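A quick write-up on the structure given underneath.
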Amino acid sequence: MAEAGLLGTDGIKRCSWGNSAPDYVEYHDTEWGVPLHGDEELYERLCLESFQSGLSWITILRKRDSFRRAFAGFVPEKVALFTDDDVSRLMEDASIVRNRAKILAAINNARAISELDGSLDDLLWSFAPSSHARPRRMADVPAITDESKAMAKELKKRGFVFLGPTTCYALMQATGMVDDHVKDCFRAG
C-alpha cells in the first residue's frame, strides 16, 4: 500500500514531507540526501541543524540566506573570531533564529573545527554507515542510530556543543551520509 502524501500536485512521488510546501519540494528534490562534502558546507549544515532543534526545518530553510549573511558565509575561520559584539548583533537580527545558546554553539563549534587534527569533512563522513536499509515509509525512518550516537559522542569529546544523536542523524540525512528517501520516492536509487 502506498504511503499517503507521496504523490505531489506535479504528479511526482516524493517522501511525504517533500510535498508539504514549495520550499520543501525544492529542498527534497535537489539537496536532501545528496552527498555533501567540504568543511564550510558541512559546518553550515551542522549549524543549521543545531538551530533547527525544537523548530520546524522549514523555518530554518526560509531563513538560510539570512543565516549565511549573519554568519559570514559559514566560513569556520571567520565565525571562530566572532566576539561578544557579534553575539549582540546576532541577538538583534530578526532575520535569523535569535537563541543565545545556539548562537554561542555556532561560534564554539567553529573554534572546535580549528582544533581538529584533520578536516571536518573526514571526521563527519567517518560515521557514514557502510550500508543502510532504505525505509519503506516515513514511519520506518529512525531518529537516532548507532552511528549518530557515535558521531555525537565524538563531537562532544572534541569540544562541539548542541549536537546530540538526533541532530547528528538529521545532519547525516541532509548531507547524504544516509539516504532515507522512502522506497516509492522518485529519488530512491
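Chain labels run A, B, ... following the order of the C-alpha cells; each chain numbers its residues from 1, and ligands are numbered from 1 in the order shown.
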Write out as a PyMOL selection string all residues of region 15-154 of chain A that DSSP puts in helix (DSSP H, G or I) for this structure's backbone. chain A and resi 16-19+22-30+39-52+57-70+72-74+76-79+84-91+100-114+120-125+138-140+146-154
Got a sec: who's within 8 Å of Arg136 (chain A), counting only C-alpha atoms, leaving out chain neighbours fewer than 4 positions off, as number ranges by chain? A: 140, 182-184
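Nearest residue to Phe74 (chain A), choosing from A:Tyr43, A:Trp17, A:Phe186, A:Tyr27 and counting only C-alpha atoms: A:Tyr43.
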Do a neighbour search on region 113-122 of chain A at 9 Å with only C-alpha atoms, toss out local chain neighbours closer than 4 positions, and write the hits as a ChimeraX atom specification. /A:36-43,76-77,80,108-109,126,158-160
Residues within 6 Å of region 171-177 of chain A, please, as number ranges by chain. Count only C-alpha atoms; anything in the same chain fewer than 2 positions from it doesn't count. A: 32-36, 128, 168-169, 179
Determine the nearest neighbour of Ala139 (chain A) from the options A:Arg45, A:Lys153, A:His181, A:Lys102, counting only C-alpha atoms.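 For Ala139 (chain A), the nearest of the given residues is A:His181.
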Might you pull out every residue within 12 Å of Thr9 (chain A), with only C-alpha atoms counted and same-chain residues fewer than 4 positions away left off, and present them as a PyMOL selection string? chain A and resi 5+13-14+16+18-22+25
Export, as a compact mmCIF listing (two decimals), in the first residue's frame, the selected residues with C-alpha atoms.
```txt
# COMPACT_ATOMS: atom_id res chain seq x y z
CA GLY A 5 1.10 12.15 0.58
CA LYS A 13 6.16 10.70 -5.97
CA ARG A 14 8.23 12.08 -3.10
CA SER A 16 5.51 12.74 2.07
CA GLY A 18 8.67 16.74 0.45
CA ASN A 19 5.21 17.61 -0.86
CA SER A 20 4.07 19.67 2.11
CA ALA A 21 5.35 23.10 0.94
CA PRO A 22 7.03 24.51 -2.20
CA VAL A 25 9.76 20.31 -2.78
```
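Summary of the local environment: counting only C-alpha atoms, residues at most 10 Å from Arg62 (chain A), other than itself and those fewer than 5 positions away along its chain, are Asp23, Tyr24, Trp57, Phe67, Ser95 and Ile96 of chain A.
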Could you work out how far CA of Asp65 (chain A) lies from CA of Leu7 (chain A), giving the answer in Å with one decimal?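 Value for the CA of Leu7 (chain A)-CA of Asp65 (chain A) distance: 29.0 Å.
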Considering only C-alpha atoms, return as a PyMOL selection string whatever protein or nucleic-acid residues lie within 10 Å of Pro165 (chain A), sequence-local ones (same chain, fewer than 5 positions apart) excluded. chain A and resi 143-153+170-171
Atoms kept (C-alpha atoms) for selection, written as an mmCIF file, in the first residue's frame:
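The new file again05.cif reads:
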```cif
data_model
loop_
_atom_site.group_PDB
_atom_site.id
_atom_site.type_symbol
_atom_site.label_atom_id
_atom_site.label_comp_id
_atom_site.auth_asym_id
_atom_site.auth_seq_id
_atom_site.Cartn_x
_atom_site.Cartn_y
_atom_site.Cartn_z
ATOM 1 C CA ALA A 143 15.525 9.461 14.650
ATOM 2 C CA ILE A 144 18.753 8.063 16.113
ATOM 3 C CA THR A 145 21.170 5.354 15.013
ATOM 4 C CA ASP A 146 24.290 3.821 16.492
ATOM 5 C CA GLU A 147 26.309 5.916 14.027
ATOM 6 C CA SER A 148 24.614 9.165 15.048
ATOM 7 C CA LYS A 149 25.210 8.321 18.716
ATOM 8 C CA ALA A 150 28.885 7.687 17.968
ATOM 9 C CA MET A 151 29.147 10.929 15.962
ATOM 10 C CA ALA A 152 27.578 12.967 18.763
ATOM 11 C CA LYS A 153 29.865 11.372 21.341
ATOM 12 C CA ALA A 170 19.370 14.763 10.778
ATOM 13 C CA LEU A 171 22.768 16.023 9.605
#
```
So, counting only C-alpha atoms, which residue among A:Ala110, A:Met91, A:Ala188, A:Leu81 is closest to Pro135 (chain A)?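 Closest to Pro135 (chain A) of all the choices is A:Ala188.
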Point-to-point distance from CA of Leu46 (chain A) to CA of Cys185 (chain A), Å rounded to tenths: 25.5 Å
